[in-house]
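data_9.txt follows; it contains compact mmCIF, C-alpha atoms.
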```txt
# COMPACT_ATOMS: atom_id res chain seq x y z
CA MET A 3 56.21 20.13 5.32
CA THR A 4 53.31 19.63 2.91
CA GLU A 5 53.38 19.84 -0.88
CA ILE A 6 50.50 19.81 -3.35
CA GLY A 7 51.01 18.59 -6.91
CA THR A 8 49.40 16.71 -9.77
CA SER A 9 49.86 13.80 -12.14
CA PRO A 10 47.58 13.21 -15.16
CA GLY A 11 44.06 13.02 -13.73
CA ILE A 12 45.40 12.91 -10.15
CA LEU A 13 45.81 15.34 -7.23
CA VAL A 14 48.88 14.58 -5.10
CA LEU A 15 49.53 15.52 -1.47
CA ARG A 16 52.96 14.80 0.06
CA THR A 17 53.56 15.47 3.71
CA GLY A 18 56.08 14.66 6.43
CA PRO A 19 59.16 15.92 8.28
CA PHE A 20 62.08 17.29 6.24
CA THR A 21 64.26 14.46 7.54
CA LYS A 22 62.04 11.52 6.54
CA THR A 23 60.53 10.13 3.35
CA PRO A 24 57.13 11.80 2.93
CA LYS A 25 53.80 10.02 2.74
CA VAL A 26 52.10 10.40 -0.65
CA ILE A 27 48.31 10.58 -0.95
CA THR A 28 46.95 10.37 -4.49
CA VAL A 29 43.34 11.28 -5.30
CA PRO A 30 41.66 10.73 -8.70
CA ALA A 31 40.25 13.82 -10.41
CA GLU A 32 36.76 12.34 -10.07
CA MET A 33 37.10 12.71 -6.27
CA VAL A 34 39.09 15.94 -5.89
CA ASP A 35 36.15 18.23 -5.14
CA SER A 36 34.91 15.95 -2.36
CA PHE A 37 38.46 15.41 -1.02
CA VAL A 38 39.30 19.12 -0.85
CA SER A 39 35.90 20.00 0.62
CA LYS A 40 36.13 17.38 3.38
CA LEU A 41 39.72 18.37 4.17
CA GLN A 42 38.69 22.02 4.54
CA GLU A 43 35.70 21.08 6.70
CA ALA A 44 37.96 19.04 8.99
CA ALA A 45 40.46 21.93 9.16
CA ARG A 46 37.76 24.38 10.19
CA ALA A 47 36.47 21.99 12.85
CA ALA A 48 39.99 21.38 14.16
CA GLU A 49 40.70 25.10 14.38
CA GLU A 50 37.83 25.51 16.84
CA ASP A 51 40.08 23.68 19.34
CA TYR A 52 43.49 24.73 17.99
CA TRP A 53 43.79 28.20 19.50
CA GLY A 54 42.64 27.07 22.94
CA LEU A 55 45.26 24.31 22.91
CA LEU A 56 48.23 26.60 22.17
CA PRO A 57 49.30 26.68 25.87
CA ALA A 58 49.31 22.86 25.91
CA PHE A 59 51.31 22.75 22.66
CA ARG A 60 53.95 25.04 24.16
CA ALA A 61 54.04 23.70 27.70
CA GLY A 62 56.95 21.35 27.07
CA ALA A 63 59.13 23.89 25.24
CA ALA A 64 62.43 24.85 26.85
CA SER A 65 62.48 28.25 25.10
CA ASP A 66 60.53 30.47 22.70
CA ASP A 67 62.73 29.44 19.79
CA THR A 68 60.57 28.45 16.80
CA ALA A 69 62.25 25.07 16.37
CA GLU A 70 61.86 24.32 20.08
CA LEU A 71 58.18 25.31 20.06
CA THR A 72 57.62 23.07 17.03
CA ARG A 73 59.39 20.17 18.74
CA ALA A 74 57.27 20.57 21.88
CA LYS A 75 54.06 20.83 19.85
CA ASP A 76 54.86 17.71 17.81
CA LYS A 77 55.68 15.77 20.96
CA TRP A 78 52.40 16.78 22.60
CA ILE A 79 50.30 15.95 19.52
CA LEU A 80 51.89 12.52 19.06
CA SER A 81 51.33 11.73 22.75
CA GLN A 82 47.56 12.03 22.35
CA PRO A 83 45.46 8.83 22.01
CA TRP A 84 44.91 9.15 18.26
CA ARG A 85 44.39 5.41 17.75
CA GLN A 86 41.52 5.21 20.25
CA GLU A 87 39.93 8.35 18.81
CA MET A 88 40.30 7.01 15.29
CA GLN A 89 38.69 3.69 16.21
CA GLN A 90 35.82 5.48 17.91
CA ALA A 91 35.28 7.82 14.94
CA LEU A 92 35.45 5.03 12.37
CA GLY A 93 33.29 2.55 14.27
CA ASN A 94 32.46 -0.32 11.92
CA GLU A 95 33.29 1.77 8.86
CA ARG A 96 36.37 0.66 6.96
CA SER A 97 36.80 3.62 4.66
CA ARG A 98 40.09 3.82 2.75
CA LEU A 99 40.02 7.62 2.97
CA PHE A 100 38.67 9.15 6.17
CA PHE A 101 38.91 12.61 7.78
CA MET A 102 38.68 13.52 11.44
CA ASP A 103 39.50 16.46 13.72
CA TYR A 104 41.13 15.79 17.05
CA ALA A 105 43.52 17.61 19.40
CA GLY A 106 43.20 20.75 17.28
CA HIS A 107 44.51 18.97 14.19
CA VAL A 108 43.26 17.12 11.13
CA GLY A 109 43.73 13.39 10.90
CA VAL A 110 43.64 11.83 7.44
CA VAL A 111 43.31 8.06 7.60
CA ALA A 112 44.30 6.65 4.21
CA ALA A 113 45.05 3.25 2.71
CA ALA A 114 45.56 1.74 -0.74
CA PRO A 115 44.85 2.78 -3.44
CA TYR A 116 45.17 6.36 -2.11
CA LEU A 117 48.26 5.70 0.00
CA ALA A 118 50.78 2.89 -0.52
CA ALA A 119 50.18 1.47 2.98
CA PRO A 120 47.58 2.28 5.68
CA HIS A 121 48.59 5.34 7.67
CA LEU A 122 47.28 8.16 9.82
CA LEU A 123 48.52 11.58 8.72
CA ILE A 124 48.26 14.44 11.24
CA VAL A 125 48.13 17.92 9.70
CA ASP A 126 48.04 21.40 11.23
CA PRO A 127 44.74 23.15 10.28
CA LEU A 128 46.51 26.50 9.81
CA GLN A 129 48.79 24.89 7.26
CA LEU A 130 45.75 23.59 5.40
CA HIS A 131 44.23 27.07 5.37
CA ARG A 132 47.44 28.54 3.94
CA LEU A 133 47.50 25.81 1.29
CA SER A 134 43.87 26.33 0.24
CA PRO A 135 44.79 28.24 -2.98
CA ALA A 136 47.31 25.52 -3.89
CA PHE A 137 44.65 22.85 -3.40
CA GLN A 138 42.23 24.72 -5.65
CA ARG A 139 44.83 25.14 -8.40
CA ALA A 140 45.91 21.49 -8.21
CA ALA A 141 42.30 20.28 -8.24
CA ALA A 142 41.65 22.32 -11.38
CA ARG A 143 44.79 20.89 -13.05
CA ALA A 144 43.80 17.34 -12.12
CA ARG A 145 40.32 17.81 -13.61
CA HIS A 146 41.69 19.52 -16.72
CA SER A 147 44.12 16.67 -17.43
CA LEU A 148 41.51 13.96 -16.90
CA PRO A 149 40.45 13.56 -20.58
CA ALA A 150 44.05 12.87 -21.61
CA SER A 151 44.77 10.44 -18.76
CA VAL A 152 44.31 6.69 -18.41
CA ALA A 153 40.63 5.83 -17.99
CA ASP A 154 41.12 3.43 -15.05
CA PRO A 155 41.51 5.44 -11.80
CA ALA A 156 43.42 2.57 -10.13
CA GLN A 157 46.07 2.65 -12.86
CA ARG A 158 46.36 6.43 -12.56
CA LEU A 159 46.75 6.22 -8.79
CA ALA A 160 49.46 3.55 -9.04
CA ALA A 161 51.34 5.53 -11.70
CA ALA A 162 51.18 8.70 -9.60
CA GLN A 163 52.46 6.85 -6.53
CA ARG A 164 55.45 5.56 -8.52
CA GLU A 165 56.15 8.97 -10.05
CA TRP A 166 56.03 10.95 -6.82
CA ALA A 167 57.96 8.37 -4.82
CA SER A 168 61.00 9.32 -6.93
CA VAL A 169 60.57 13.11 -6.73
CA PRO A 170 63.13 14.80 -4.41
CA TRP A 171 61.82 15.81 -0.99
CA PRO A 172 61.15 18.63 -0.73
CA ARG A 173 60.64 19.20 -4.43
CA HIS A 174 62.09 22.72 -4.28
CA PRO A 175 64.42 24.41 -1.76
CA VAL A 176 62.43 25.78 1.18
CA ALA A 177 63.17 29.17 2.69
CA LEU A 178 61.96 29.07 6.28
CA PRO A 179 60.25 32.28 7.47
CA THR A 180 61.78 34.53 10.06
CA GLN A 181 60.14 34.68 13.49
CA GLN A 182 58.67 38.06 12.56
CA GLN A 183 57.19 36.72 9.31
CA ALA A 184 55.77 33.66 11.08
CA ASP A 185 54.22 35.80 13.82
CA ALA A 186 52.57 38.03 11.21
CA VAL A 187 51.03 35.05 9.40
CA ILE A 188 49.78 33.51 12.65
CA ALA A 189 48.29 36.84 13.75
CA GLY A 190 46.45 37.12 10.43
CA LEU A 191 45.05 33.60 10.70
CA ARG A 192 43.99 34.27 14.29
CA THR A 193 42.14 37.41 13.18
CA GLU A 194 40.37 35.49 10.41
CA PHE A 195 39.35 32.82 12.90
CA LEU A 196 37.89 35.37 15.34
CA ARG A 197 35.87 37.00 12.55
CA ARG A 198 34.21 33.72 11.56
CA ALA A 199 31.01 32.49 13.11
CA PRO A 200 31.81 29.70 15.61
CA LEU A 201 31.35 26.19 14.28
CA LEU A 202 29.04 24.05 16.38
CA LYS A 203 30.52 20.56 16.48
CA GLU A 204 28.69 17.38 17.42
CA HIS A 205 30.24 15.39 20.24
```

Would you write out, as structure tokens, the structure that this file holds?
Amino acid sequence: MTEIGTSPGILVLRTGPFTKTPKVITVPAEMVDSFVSKLQEAARAAEEDYWGLLPAFRAGAASDDTAELTRAKDKWILSQPWRQEMQQALGNERSRLFFMDYAGHVGVVAAAPYLAAPHLLIVDPLQLHRLSPAFQRAAARARHSLPASVADPAQRLAAAQREWASVPWPRHPVALPTQQQADAVIAGLRTEFLRRAPLLKEH
């Protein structure tokens, strides 16, 4: 589950399983355009591998049930050597907000002041594509509220972290799609992917 929101002068991204406390990334309005752009670039790069990895995602599933397929996919993704890949991608850089694509997914490496504690978030690129309009709206709200917000970005980030840590998770009741609805969305995203020019990635 991923939610997009705002605080004064801040874009907020909360993500995590329904059953656990979500991670909260806060981004100052001054950085939202760069943040959203880099996230979308990483999603597009990840999708170049995503569709080819679908058989691997599903290999450990005991049935075609949506929940079972999701469980098998999550297990496969978490079994990949993300830490080694992250260390190789980062090198000597010690960025507090870093984006990477690996195993058909987007990795967001974040630390304070953007995230309360250092963490690697793994996000499905298709989910990021579906959320693109929400990101654009939230970025616009964050920029619009900037003049009325606290001048110091660090204070804004800390206030947003405190505010969103107390917001119920998920914020609103979630109606899960039927299998037919999910299949239709996936088919549409697959069609969009096939219509795009292939992205040449550096290795």

Review point. Which residues come within 9 Å of segment 52-54 of chain A, counting only C-alpha atoms, excluding same-chain residues fewer than 3 positions away, as a list in words?
Key: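 Residues near the query, excluding close chain neighbours: Ala48, Glu49, Pro57, Ala58, Ala105, Gly106, His107, Asp126, Pro127, Leu128 and Arg192 of chain A.
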
Quick one: axis-aligned box around all listed atoms of segment 61-74 of chain A, 5 Å on every side, centre and edge lengths in Å to one decimal, written as lines of an AutoDock Vina configuration file.
```
center_x = 58.4
center_y = 25.3
center_z = 22.0
size_x = 18.7
size_y = 20.3
size_z = 21.3
```

Under the rule of at most 9 Å, produce a per-residue listing of segment 92-198 of chain A near segment 29-40 of chain A: chain, number, name, the closest pair of atoms, and the distance in Å, as a tab-separated table, using all atoms listed in the file.
```
residue	atom	partner	partner_atom	distance
A:Leu99	CA	A:Phe37	CA	8.9
A:Phe101	CA	A:Lys40	CA	7.1
A:Pro115	CA	A:Val29	CA	8.8
A:Tyr116	CA	A:Val29	CA	6.1
A:Ser134	CA	A:Val38	CA	8.6
A:Phe137	CA	A:Val38	CA	7.0
A:Gln138	CA	A:Val38	CA	7.9
A:Ala141	CA	A:Val34	CA	5.9
A:Ala142	CA	A:Ala31	CA	8.7
A:Arg143	CA	A:Ala31	CA	8.8
A:Ala144	CA	A:Ala31	CA	5.3
A:Arg145	CA	A:Ala31	CA	5.1
A:His146	CA	A:Ala31	CA	8.6
A:Ser147	CA	A:Ala31	CA	8.5
A:Leu148	CA	A:Ala31	CA	6.6
A:Pro155	CA	A:Pro30	CA	6.1
A:Ala156	CA	A:Pro30	CA	8.5
A:Arg158	CA	A:Pro30	CA	7.4
A:Leu159	CA	A:Pro30	CA	6.8
```

Here atom CA of Gly93 of chain A and atom CA of Val26 of chain A stand apart by 25.3 Å

Minimum-distance residue to Thr4 of chain A, chosen among A:Ala74, A:Ala177, A:Ala161, A:Leu133 (using only C-alpha atoms):
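Selected residue with least distance to Thr4 of chain A: A:Leu133.
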
Pairwise distance, atom CA of Ala162 of chain A with atom CA of Val108 of chain A, equals 23.7 Å

Exercise. Could you state the separation of atom CA of Ala112 of chain A and atom CA of Pro24 of chain A in Å, given to one decimal place?
Worked result: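 Atom-to-atom, atom CA of Ala112 of chain A to atom CA of Pro24 of chain A, that is 13.9 Å.
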